[in-house]
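J.: Okay, so here is model29.pdb, and as you'll see once you scroll down, it has PDB, C-alpha atoms.
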```pdb
ATOM      1  CA  MET A 121       1.670 -14.188 -12.283
ATOM      2  CA  ASN A 122       2.020 -12.988  -8.700
ATOM      3  CA  ARG A 123       3.250  -9.421  -8.437
ATOM      4  CA  ARG A 124       4.101 -10.010  -4.803
ATOM      5  CA  SER A 125       6.701 -12.720  -5.504
ATOM      6  CA  PHE A 126      10.180 -12.207  -6.838
ATOM      7  CA  VAL A 127      13.559 -13.876  -7.009
ATOM      8  CA  ALA A 128      15.730 -11.238  -8.618
ATOM      9  CA  LYS A 129      18.895 -10.159  -6.814
ATOM     10  CA  THR A 130      19.843  -6.504  -6.399
ATOM     11  CA  THR A 131      22.776  -4.679  -4.892
ATOM     12  CA  LEU A 132      22.923  -2.991  -1.517
ATOM     13  CA  THR A 133      23.708   0.377  -3.081
ATOM     14  CA  GLY A 134      20.230   1.846  -2.806
ATOM     15  CA  LEU A 135      19.689   0.531   0.710
ATOM     16  CA  ALA A 136      22.988   1.928   1.890
ATOM     17  CA  ALA A 137      22.169   5.308   0.432
ATOM     18  CA  THR A 138      18.870   5.401   2.266
ATOM     19  CA  VAL A 139      20.248   4.386   5.637
ATOM     20  CA  ALA A 140      23.130   6.814   5.323
ATOM     21  CA  SER A 141      23.086  10.174   7.044
ATOM     22  CA  GLY A 142      20.360  12.571   6.011
ATOM     23  CA  PRO A 143      18.061  15.217   7.423
ATOM     24  CA  LEU A 144      16.085  12.725   9.507
ATOM     25  CA  ALA A 145      16.052  14.976  12.543
ATOM     26  CA  MET A 146      14.273  17.611  10.460
ATOM     27  CA  ALA A 147      11.467  15.297   9.419
ATOM     28  CA  GLN A 148       8.942  16.313  12.048
ATOM     29  CA  SER A 149       9.818  20.008  12.121
ATOM     30  CA  ARG A 150       9.458  20.352   8.339
ATOM     31  CA  SER A 151       6.494  18.018   8.049
ATOM     32  CA  VAL A 152       4.199  19.439  10.705
ATOM     33  CA  LYS A 153       1.529  20.048   8.059
ATOM     34  CA  ARG A 154       1.314  16.386   7.153
ATOM     35  CA  LYS A 155      -1.546  14.274   8.418
ATOM     36  CA  MET A 156      -0.363  11.009   6.857
ATOM     37  CA  THR A 157       1.267   8.378   9.034
ATOM     38  CA  ILE A 158       4.429   6.299   8.655
ATOM     39  CA  ASN A 159       3.003   2.809   8.308
ATOM     40  CA  LEU A 160       4.667  -0.529   9.106
ATOM     41  CA  VAL A 161       3.727  -3.414   6.825
ATOM     42  CA  CYS A 162       6.055  -6.192   7.888
ATOM     43  CA  GLY A 163       5.564  -8.457   4.890
ATOM     44  CA  ALA A 164       6.521  -5.676   2.477
ATOM     45  CA  ILE A 165      10.024  -5.461   3.945
ATOM     46  CA  GLY A 166      10.655  -9.153   4.607
ATOM     47  CA  VAL A 167       9.772  -9.174   8.296
ATOM     48  CA  LYS A 168       7.688 -12.100   9.499
ATOM     49  CA  ALA A 169       5.663 -11.011  12.502
ATOM     50  CA  SER A 170       2.421 -11.754  14.308
ATOM     51  CA  GLN A 171      -0.010  -8.907  14.910
ATOM     52  CA  GLU A 172       1.336  -8.383  18.425
ATOM     53  CA  ARG A 173       4.938  -8.450  17.244
ATOM     54  CA  ALA A 174       4.165  -6.002  14.435
ATOM     55  CA  ILE A 175       2.707  -3.607  16.996
ATOM     56  CA  GLU A 176       5.844  -3.944  19.126
ATOM     57  CA  LEU A 177       8.142  -3.311  16.179
ATOM     58  CA  ALA A 178       6.109  -0.322  15.011
ATOM     59  CA  HIS A 179       6.357   1.255  18.456
ATOM     60  CA  GLU A 180      10.026   0.446  18.968
ATOM     61  CA  TYR A 181      11.214   1.899  15.664
ATOM     62  CA  GLY A 182       9.050   4.993  15.451
ATOM     63  CA  PHE A 183       6.298   4.038  13.029
ATOM     64  CA  GLU A 184       2.970   5.778  13.519
ATOM     65  CA  SER A 185       0.580   3.164  12.154
ATOM     66  CA  VAL A 186       0.639  -0.587  11.642
ATOM     67  CA  GLU A 187      -0.961  -3.050   9.247
ATOM     68  CA  ALA A 188      -4.029  -4.894  10.544
ATOM     69  CA  HIS A 189      -4.212  -8.687  10.154
ATOM     70  CA  GLY A 190      -7.886  -9.277   9.364
ATOM     71  CA  PRO A 191      -8.202 -13.044   9.926
ATOM     72  CA  TYR A 192      -6.405 -12.796  13.262
ATOM     73  CA  LEU A 193      -8.428  -9.835  14.492
ATOM     74  CA  SER A 194     -11.686 -11.546  13.537
ATOM     75  CA  SER A 195     -10.688 -14.527  15.719
ATOM     76  CA  LEU A 196     -10.390 -12.463  18.909
ATOM     77  CA  GLY A 197     -12.965 -12.546  21.675
ATOM     78  CA  THR A 198     -14.182  -9.419  23.416
ATOM     79  CA  LYS A 199     -11.551  -9.364  26.178
ATOM     80  CA  GLU A 200      -8.708 -10.158  23.789
ATOM     81  CA  MET A 201      -9.845  -7.429  21.430
ATOM     82  CA  GLN A 202     -10.072  -4.874  24.220
ATOM     83  CA  SER A 203      -6.574  -5.760  25.368
ATOM     84  CA  LEU A 204      -5.147  -5.442  21.866
ATOM     85  CA  LYS A 205      -6.828  -2.091  21.237
ATOM     86  CA  LYS A 206      -5.517  -0.798  24.553
ATOM     87  CA  ASP A 207      -2.013  -1.893  23.567
ATOM     88  CA  VAL A 208      -2.238  -0.039  20.238
ATOM     89  CA  ARG A 209      -3.436   3.144  21.950
ATOM     90  CA  SER A 210      -0.805   2.948  24.689
ATOM     91  CA  LYS A 211       1.912   2.857  22.041
ATOM     92  CA  ASN A 212       0.464   5.938  20.287
ATOM     93  CA  LEU A 213      -0.251   3.942  17.149
ATOM     94  CA  VAL A 214      -3.214   3.824  14.793
ATOM     95  CA  TRP A 215      -4.195   1.176  12.294
ATOM     96  CA  GLY A 216      -3.026   1.369   8.700
ATOM     97  CA  THR A 217      -4.823  -0.844   6.209
ATOM     98  CA  SER A 218      -5.686  -4.522   6.110
ATOM     99  CA  GLY A 219      -5.059  -6.558   2.978
ATOM    100  CA  LEU A 220      -8.105  -7.928   1.175
ATOM    101  CA  THR A 221      -8.433 -11.678   1.770
ATOM    102  CA  VAL A 222     -10.739 -12.339  -1.198
ATOM    103  CA  ASP A 223      -9.030 -13.572  -4.372
ATOM    104  CA  PHE A 224     -11.133 -11.935  -7.098
ATOM    105  CA  ARG A 225      -8.633 -12.591  -9.909
ATOM    106  CA  LYS A 226      -9.215 -16.325 -10.385
ATOM    107  CA  ASP A 227     -12.275 -18.459 -11.140
ATOM    108  CA  ARG A 228     -15.713 -17.704  -9.754
ATOM    109  CA  GLU A 229     -15.655 -20.527  -7.208
ATOM    110  CA  THR A 230     -12.449 -19.216  -5.659
ATOM    111  CA  PHE A 231     -13.907 -15.729  -5.538
ATOM    112  CA  GLU A 232     -17.201 -16.816  -3.984
ATOM    113  CA  ASN A 233     -15.480 -18.942  -1.344
ATOM    114  CA  GLY A 234     -13.403 -15.951  -0.280
ATOM    115  CA  LEU A 235     -16.427 -13.684  -0.336
ATOM    116  CA  LYS A 236     -18.267 -15.967   2.105
ATOM    117  CA  GLU A 237     -15.542 -15.433   4.694
ATOM    118  CA  LEU A 238     -15.339 -11.670   4.246
ATOM    119  CA  PRO A 239     -18.270 -10.581   6.479
ATOM    120  CA  GLN A 240     -16.688 -12.157   9.562
ATOM    121  CA  ILE A 241     -13.283 -10.661   8.765
ATOM    122  CA  ALA A 242     -14.804  -7.252   8.078
ATOM    123  CA  SER A 243     -16.661  -7.395  11.383
ATOM    124  CA  GLY A 244     -13.407  -8.188  13.190
ATOM    125  CA  LEU A 245     -11.711  -5.229  11.537
ATOM    126  CA  ARG A 246     -14.549  -2.927  12.589
ATOM    127  CA  ARG A 247     -14.399  -4.164  16.177
ATOM    128  CA  ALA A 248     -10.665  -3.468  16.235
ATOM    129  CA  GLY A 249     -11.185   0.059  14.925
ATOM    130  CA  VAL A 250      -9.679  -0.526  11.475
ATOM    131  CA  LYS A 251     -11.037   1.760   8.745
ATOM    132  CA  ARG A 252      -9.240   0.744   5.532
ATOM    133  CA  VAL A 253      -8.805  -2.367   3.370
ATOM    134  CA  SER A 254      -6.639  -2.504   0.263
ATOM    135  CA  THR A 255      -5.759  -4.705  -2.708
ATOM    136  CA  TRP A 256      -4.019  -4.467  -6.101
ATOM    137  CA  LEU A 257      -5.209  -4.824  -9.661
ATOM    138  CA  ARG A 258      -3.436  -7.015 -12.206
ATOM    139  CA  PRO A 259      -2.802  -4.779 -15.253
ATOM    140  CA  CYS A 260      -3.317  -7.435 -17.897
ATOM    141  CA  HIS A 261      -5.084 -10.683 -18.759
ATOM    142  CA  ASN A 262      -4.547 -13.470 -21.244
ATOM    143  CA  ASP A 263      -8.221 -14.266 -21.840
ATOM    144  CA  LEU A 264     -10.389 -11.263 -20.986
ATOM    145  CA  THR A 265     -10.437  -8.126 -23.103
ATOM    146  CA  TYR A 266     -10.351  -4.769 -21.325
ATOM    147  CA  ASN A 267     -14.137  -4.397 -21.355
ATOM    148  CA  GLN A 268     -14.744  -7.978 -20.241
ATOM    149  CA  ASN A 269     -12.220  -7.595 -17.440
ATOM    150  CA  PHE A 270     -13.663  -4.238 -16.407
ATOM    151  CA  LYS A 271     -17.125  -5.768 -16.154
ATOM    152  CA  GLN A 272     -15.857  -8.691 -14.068
ATOM    153  CA  HIS A 273     -13.914  -6.417 -11.731
ATOM    154  CA  THR A 274     -16.883  -4.098 -11.344
ATOM    155  CA  GLU A 275     -19.241  -6.919 -10.397
ATOM    156  CA  ARG A 276     -16.863  -8.759  -8.082
ATOM    157  CA  LEU A 277     -15.396  -5.731  -6.355
ATOM    158  CA  ARG A 278     -18.841  -4.189  -5.902
ATOM    159  CA  ALA A 279     -19.747  -7.255  -3.845
ATOM    160  CA  VAL A 280     -16.523  -6.878  -1.861
ATOM    161  CA  ALA A 281     -16.975  -3.143  -1.319
ATOM    162  CA  SER A 282     -20.593  -3.585  -0.212
ATOM    163  CA  ILE A 283     -19.610  -6.022   2.526
ATOM    164  CA  LEU A 284     -16.791  -3.755   3.664
ATOM    165  CA  GLY A 285     -19.057  -0.726   3.552
ATOM    166  CA  ASP A 286     -21.568  -2.428   5.836
ATOM    167  CA  GLN A 287     -18.834  -2.388   8.475
ATOM    168  CA  GLY A 288     -17.765   1.194   7.817
ATOM    169  CA  LEU A 289     -14.631   0.184   5.932
ATOM    170  CA  ARG A 290     -13.108   2.009   2.977
ATOM    171  CA  PHE A 291     -11.695  -0.033   0.109
ATOM    172  CA  GLY A 292      -8.618   0.930  -1.911
ATOM    173  CA  MET A 293      -7.463  -0.531  -5.245
ATOM    174  CA  GLU A 294      -3.852  -0.173  -6.365
ATOM    175  CA  TYR A 295      -3.371   0.345 -10.072
ATOM    176  CA  VAL A 296      -0.191  -1.256 -11.398
ATOM    177  CA  GLY A 297       1.552   0.827 -14.035
ATOM    178  CA  THR A 298       4.755  -1.127 -14.604
ATOM    179  CA  THR A 299       5.274  -1.378 -18.366
ATOM    180  CA  THR A 300       6.984  -4.774 -18.258
ATOM    181  CA  LEU A 301       3.940  -6.222 -16.466
ATOM    182  CA  LEU A 302       1.432  -4.477 -18.701
ATOM    183  CA  VAL A 303       2.813  -6.184 -21.796
ATOM    184  CA  SER A 304       3.338  -9.578 -20.162
ATOM    185  CA  MET A 305      -0.139 -10.812 -21.149
ATOM    186  CA  LYS A 306      -2.329 -10.436 -24.240
ATOM    187  CA  TYR A 307      -4.848  -7.846 -23.082
ATOM    188  CA  PRO A 308      -3.908  -4.720 -21.070
ATOM    189  CA  PHE A 309      -6.114  -3.605 -18.197
ATOM    190  CA  VAL A 310      -6.343  -0.765 -15.661
ATOM    191  CA  HIS A 311      -2.857   0.708 -15.188
ATOM    192  CA  THR A 312      -3.305   4.458 -14.660
ATOM    193  CA  MET A 313      -4.840   6.688 -12.015
ATOM    194  CA  ALA A 314      -7.667   7.808 -14.313
ATOM    195  CA  GLU A 315      -8.652   4.227 -15.123
ATOM    196  CA  ALA A 316      -8.576   3.205 -11.451
ATOM    197  CA  LEU A 317     -10.844   6.123 -10.602
ATOM    198  CA  GLU A 318     -13.199   5.086 -13.412
ATOM    199  CA  LEU A 319     -13.376   1.603 -11.908
ATOM    200  CA  ALA A 320     -14.058   3.012  -8.437
ATOM    201  CA  ASN A 321     -16.855   5.142  -9.886
ATOM    202  CA  ALA A 322     -18.323   2.157 -11.757
ATOM    203  CA  ILE A 323     -18.378   0.091  -8.564
ATOM    204  CA  GLY A 324     -20.466   2.903  -7.139
ATOM    205  CA  THR A 325     -20.699   1.947  -3.472
ATOM    206  CA  GLY A 326     -19.275   5.246  -2.225
ATOM    207  CA  ASN A 327     -16.480   3.724  -0.131
ATOM    208  CA  VAL A 328     -14.004   2.867  -2.906
ATOM    209  CA  GLY A 329     -10.810   4.763  -3.688
ATOM    210  CA  ILE A 330      -7.314   4.058  -4.905
ATOM    211  CA  VAL A 331      -3.986   2.950  -3.520
ATOM    212  CA  LEU A 332      -1.472   5.482  -4.825
ATOM    213  CA  ASP A 333       2.030   4.075  -5.252
ATOM    214  CA  SER A 334       4.807   6.481  -6.253
ATOM    215  CA  TRP A 335       6.326   3.694  -8.387
ATOM    216  CA  HIS A 336       3.165   3.074 -10.425
ATOM    217  CA  TRP A 337       2.351   6.800 -10.516
ATOM    218  CA  TRP A 338       5.769   7.304 -12.128
ATOM    219  CA  GLN A 339       5.503   4.283 -14.435
ATOM    220  CA  ALA A 340       2.023   5.273 -15.616
ATOM    221  CA  GLY A 341       3.093   8.790 -16.505
ATOM    222  CA  ASP A 342       0.756  10.332 -13.949
ATOM    223  CA  SER A 343       1.678  13.764 -12.602
ATOM    224  CA  VAL A 344       1.679  15.964  -9.520
ATOM    225  CA  ALA A 345      -1.235  17.838 -11.090
ATOM    226  CA  ASP A 346      -3.182  14.555 -11.243
ATOM    227  CA  ILE A 347      -2.741  14.096  -7.493
ATOM    228  CA  GLU A 348      -3.766  17.678  -6.801
ATOM    229  CA  LYS A 349      -7.091  17.010  -8.551
ATOM    230  CA  LEU A 350      -7.915  14.277  -6.029
ATOM    231  CA  LYS A 351      -9.713  14.565  -2.720
ATOM    232  CA  ASN A 352      -8.439  13.014   0.488
ATOM    233  CA  SER A 353     -11.322  10.550   0.285
ATOM    234  CA  ASP A 354     -10.093   9.313  -3.103
ATOM    235  CA  ILE A 355      -6.964   7.748  -1.578
ATOM    236  CA  VAL A 356      -7.061   4.844   0.871
ATOM    237  CA  LEU A 357      -3.342   4.044   1.076
ATOM    238  CA  VAL A 358      -0.058   5.453  -0.240
ATOM    239  CA  ASP A 359       3.043   3.437  -1.156
ATOM    240  CA  LEU A 360       6.367   5.253  -1.292
ATOM    241  CA  ASN A 361       9.172   3.675  -3.311
ATOM    242  CA  ASP A 362      12.165   4.551  -5.447
ATOM    243  CA  ALA A 363      13.638   2.918  -8.553
ATOM    244  CA  PRO A 364      17.081   1.526  -9.425
ATOM    245  CA  THR A 365      19.466   3.713 -11.368
ATOM    246  CA  GLY A 366      20.834   2.785 -14.757
ATOM    247  CA  VAL A 367      17.633   1.144 -16.041
ATOM    248  CA  GLU A 368      15.389   2.717 -18.668
ATOM    249  CA  LYS A 369      11.950   3.584 -17.315
ATOM    250  CA  GLN A 370      10.132   1.230 -19.689
ATOM    251  CA  GLN A 371      12.507  -1.614 -18.780
ATOM    252  CA  GLN A 372      12.121  -1.352 -15.002
ATOM    253  CA  MET A 373      11.019  -4.541 -13.242
ATOM    254  CA  ASP A 374       8.214  -4.346 -10.700
ATOM    255  CA  ASN A 375      10.032  -6.579  -8.231
ATOM    256  CA  ARG A 376      13.305  -4.644  -8.236
ATOM    257  CA  ARG A 377      12.783  -1.424  -6.372
ATOM    258  CA  GLU A 378      14.489   0.720  -3.744
ATOM    259  CA  LEU A 379      13.421   2.306  -0.489
ATOM    260  CA  PRO A 380      12.084   5.877  -0.676
ATOM    261  CA  VAL A 381      14.616   8.536  -1.793
ATOM    262  CA  ALA A 382      17.381   5.926  -2.061
ATOM    263  CA  THR A 383      18.281   6.914  -5.628
ATOM    264  CA  GLY A 384      16.188   9.967  -6.532
ATOM    265  CA  VAL A 385      14.969   8.369  -9.767
ATOM    266  CA  ILE A 386      11.349   8.956  -8.702
ATOM    267  CA  GLU A 387      10.620  12.585  -7.833
ATOM    268  CA  VAL A 388       9.183  12.261  -4.352
ATOM    269  CA  LYS A 389       8.988  15.874  -3.169
ATOM    270  CA  GLY A 390       6.246  16.933  -5.578
ATOM    271  CA  PHE A 391       4.423  13.656  -4.932
ATOM    272  CA  LEU A 392       4.349  14.240  -1.162
ATOM    273  CA  ASP A 393       3.700  17.968  -1.375
ATOM    274  CA  ALA A 394       0.612  17.222  -3.465
ATOM    275  CA  LEU A 395      -0.625  14.737  -0.861
ATOM    276  CA  VAL A 396      -0.200  17.341   1.872
ATOM    277  CA  LYS A 397      -1.995  19.905  -0.292
ATOM    278  CA  ILE A 398      -5.112  17.736  -0.638
ATOM    279  CA  GLY A 399      -5.039  16.826   3.077
ATOM    280  CA  TYR A 400      -4.312  13.114   2.724
ATOM    281  CA  ASP A 401      -4.565  11.672   6.230
ATOM    282  CA  GLY A 402      -3.932   7.955   5.735
ATOM    283  CA  PRO A 403      -1.006   5.545   6.021
ATOM    284  CA  VAL A 404       2.173   5.674   3.935
ATOM    285  CA  ARG A 405       4.141   2.439   3.614
ATOM    286  CA  ALA A 406       7.310   1.403   1.826
ATOM    287  CA  GLU A 407       6.938  -1.547  -0.533
ATOM    288  CA  PRO A 408      10.361  -1.836  -2.176
ATOM    289  CA  PHE A 409      10.470  -5.543  -3.081
ATOM    290  CA  ASN A 410      14.163  -5.228  -2.284
ATOM    291  CA  GLN A 411      15.996  -8.487  -1.638
ATOM    292  CA  PRO A 412      18.926  -7.008   0.344
ATOM    293  CA  LEU A 413      16.384  -5.363   2.650
ATOM    294  CA  ARG A 414      14.468  -8.612   2.997
ATOM    295  CA  ASN A 415      17.693 -10.394   3.921
ATOM    296  CA  LEU A 416      18.202  -8.163   6.968
ATOM    297  CA  ASP A 417      17.126  -9.097  10.489
ATOM    298  CA  ASP A 418      13.945  -7.487  11.773
ATOM    299  CA  ALA A 419      15.609  -4.599  13.616
ATOM    300  CA  PRO A 420      17.779  -3.194  10.806
ATOM    301  CA  ALA A 421      15.014  -3.770   8.244
ATOM    302  CA  CYS A 422      12.539  -1.758  10.314
ATOM    303  CA  LYS A 423      15.077   0.977  11.023
ATOM    304  CA  ALA A 424      16.113   1.314   7.376
ATOM    305  CA  THR A 425      12.461   1.532   6.340
ATOM    306  CA  VAL A 426      11.328   4.105   8.887
ATOM    307  CA  ASP A 427      14.439   6.207   8.308
ATOM    308  CA  SER A 428      13.821   6.249   4.553
ATOM    309  CA  ILE A 429      10.225   7.463   4.978
ATOM    310  CA  LYS A 430      11.274  10.099   7.505
ATOM    311  CA  LYS A 431      13.932  11.282   5.085
ATOM    312  CA  ALA A 432      11.276  11.600   2.393
ATOM    313  CA  PHE A 433       8.897  13.422   4.737
ATOM    314  CA  ALA A 434      11.684  15.880   5.593
ATOM    315  CA  MET A 435      11.453  17.102   1.986
ATOM    316  CA  ILE A 436       7.840  18.233   2.369
ATOM    317  CA  GLY A 437       7.244  21.937   2.089
TER     318      GLY A 437
END
```
Take the structure in the file and write it out as structure tokens.

T.:
Amino acid sequence: MNRRSFVAKTTLTGLAATVASGPLAMAQSRSVKRKMTINLVCGAIGVKASQERAIELAHEYGFESVEAHGPYLSSLGTKEMQSLKKDVRSKNLVWGTSGLTVDFRKDRETFENGLKELPQIASGLRRAGVKRVSTWLRPCHNDLTYNQNFKQHTERLRAVASILGDQGLRFGMEYVGTTTLLVSMKYPFVHTMAEALELANAIGTGNVGIVLDSWHWWQAGDSVADIEKLKNSDIVLVDLNDAPTGVEKQQQMDNRRELPVATGVIEVKGFLDALVKIGYDGPVRAEPFNQPLRNLDDAPACKATVDSIKKAFAMIG
């Protein structure tokens, strides 16, 4: 099961609603208290782009941060790295997160092979000025009970977090709360904010937090009050998404989402206000798994995405 893959078709209704007129011009004036950045993650919206092209697109369409490609950055020599960092600064961008390259969900050999490559990648991220790395947690397993799975995740992700911590990198884990995924295998696993925080605490390296996705926050039954109990340091990355209308909450499919505030099914204002209240200062990306969006060319896909996040940010306060 790969949460990142999907084949389901959706309508353009939600996308059209997001791109339509809204208080985008008010986004900055009403969101001056926010420290979080509008983050471009090309793969999440169906845009295929190199690191350089992602930086160009982020600048052209008004994003404030951009995803870091760890393997590519680790391949750069000193002069190439200096040039790239200068380009990022000149475009008034900062780095968002970099996706974890280690596959910790499969057999031990696969995990250990990925772990061997991580120090070099982590060093490249540090040299580029990247501060955050993120991944997601599968909320179920066919063979491992909850306790067995918790133990395996603690041991494997402690090794990951230690390597990242040696390079000054924070590590975020996204809990997946989608009910239809939770029940897709025999044994349930971490799928709420509280459980993800318990795992971070068990890992115990001091640089581990969570990836907070409005979709999974909503699916898990977490609340605004739960966010307000967090510290800025507890959150490494935020995902902002909406849900299709006309589908019962417990029947929603993880790979059929909408751009932020496209439908209003997920209550985004309280979610964002809570993040501002705790001083969250990291990247915010859209991860809608929306096929109509993915079918667009790069330019309209980027514009629809940045406009949807700005529209959501305009609701802050």

J.: Please indicate the distance in Å from atom CA of A:Gly234 to atom CA of A:Asp401, rounded to one decimal place.

T.: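 Between atom CA of A:Gly234 and atom CA of A:Asp401 the gap works out to 29.7 Å.
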
J.: What does the PyMOL selection byres ((chain A and resi 262) around 10) select in this file, as a PyMOL selection string?

T.: chain A and resi 260-261+263-265+304-308

J.: What is the atom CA of A:Val280 to atom CA of A:Leu235 distance in Å?

T.: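 It comes out at 7.0 Å.
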
J.: Measuring between all atoms listed in the file, which one of A:Thr299, A:Ser203, A:Ala279, A:Asn269 shows the shortest distance to A:Lys236?

T.: A:Ala279

J.: At a cut-off of 12 Å, using all atoms listed in the file, what residues contact A:Gly197? Leave out same-chain residues fewer than 4 positions from it and give the result as number ranges by chain.

T.: A: 192-193, 201-204, 244, 247-248

J.: Could you name the residues that touch A:Leu317 at 8 Å or less, counting all atoms listed in the file, but leaving out those on the same chain fewer than 4 positions away, as an MDAnalysis selection string?

T.: chainID A and resid 313 321 329:330

J.: Using the chain letters and numbers from the file, which residues does the PyMOL selection byres ((chain A and resi 300) around 12) grab, as a ChimeraX atom specification?

T.: /A:123,259-260,296-299,301-305,308,311,336,339-340,368-376

J.: With a distance cut-off of 9 Å and all atoms listed in the file, select the neighbouring residues of A:Val186, excluding the residue or stretch itself and same-chain residues fewer than 2 positions from it, and output the selection as a list in words.

T.: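 Using all atoms listed in the file, the neighbours found are Ile158, Asn159, Leu160, Val161, Cys162, Gln171, Ala174, Ile175, Ala178, Phe183, Glu184, Ala188, Leu213, Val214, Trp215, Gly216, Thr217 and Pro403 of chain A.
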
J.: Between A:Val250, A:Val222, A:Ala316, A:Val328, single out the one closest to A:Ser353, counting all atoms listed in the file.

T.: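 Using all atoms listed in the file, the shortest distance to A:Ser353 belongs to A:Val328.
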
J.: In Å, how far is it from atom CA of A:Gly219 to atom CA of A:Ser254?

T.: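 Pair atom CA of A:Gly219 / atom CA of A:Ser254 returns 5.1 Å.
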
J.: Smallest atom-to-atom distance to A:Gly399: which of A:Asp354, A:Asp427, A:Asp207, A:Glu387, using all atoms listed in the file?

T.: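 The closest residue to A:Gly399 is A:Asp354.
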
J.: For the point (-7.4, -9.2, 1.1) in the file's frame, write as a PDB file with C-alpha atoms, keeping the file's coordinate frame all residues with an atom no more than 10 Å away, counting all atoms listed in the file.

T.:
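That gives us out.pdb:
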```pdb
ATOM      1  CA  HIS A 189      -4.212  -8.687  10.154  1.00  0.00           C
ATOM      2  CA  GLY A 190      -7.886  -9.277   9.364  1.00  0.00           C
ATOM      3  CA  PRO A 191      -8.202 -13.044   9.926  1.00  0.00           C
ATOM      4  CA  SER A 218      -5.686  -4.522   6.110  1.00  0.00           C
ATOM      5  CA  GLY A 219      -5.059  -6.558   2.978  1.00  0.00           C
ATOM      6  CA  LEU A 220      -8.105  -7.928   1.175  1.00  0.00           C
ATOM      7  CA  THR A 221      -8.433 -11.678   1.770  1.00  0.00           C
ATOM      8  CA  VAL A 222     -10.739 -12.339  -1.198  1.00  0.00           C
ATOM      9  CA  ASP A 223      -9.030 -13.572  -4.372  1.00  0.00           C
ATOM     10  CA  PHE A 224     -11.133 -11.935  -7.098  1.00  0.00           C
ATOM     11  CA  GLY A 234     -13.403 -15.951  -0.280  1.00  0.00           C
ATOM     12  CA  LEU A 238     -15.339 -11.670   4.246  1.00  0.00           C
ATOM     13  CA  ILE A 241     -13.283 -10.661   8.765  1.00  0.00           C
ATOM     14  CA  VAL A 253      -8.805  -2.367   3.370  1.00  0.00           C
ATOM     15  CA  SER A 254      -6.639  -2.504   0.263  1.00  0.00           C
ATOM     16  CA  THR A 255      -5.759  -4.705  -2.708  1.00  0.00           C
ATOM     17  CA  TRP A 256      -4.019  -4.467  -6.101  1.00  0.00           C
ATOM     18  CA  VAL A 280     -16.523  -6.878  -1.861  1.00  0.00           C
TER      19      VAL A 280
END
```

J.: So that I can check the surroundings of A:Tyr181, please list as a PyMOL selection string every protein, DNA and RNA residue that reaches within 9 Å of it, counting all atoms listed in the file and ignoring chain neighbours fewer than 2 positions away.

T.: chain A and resi 176-179+183+419+422-423+426
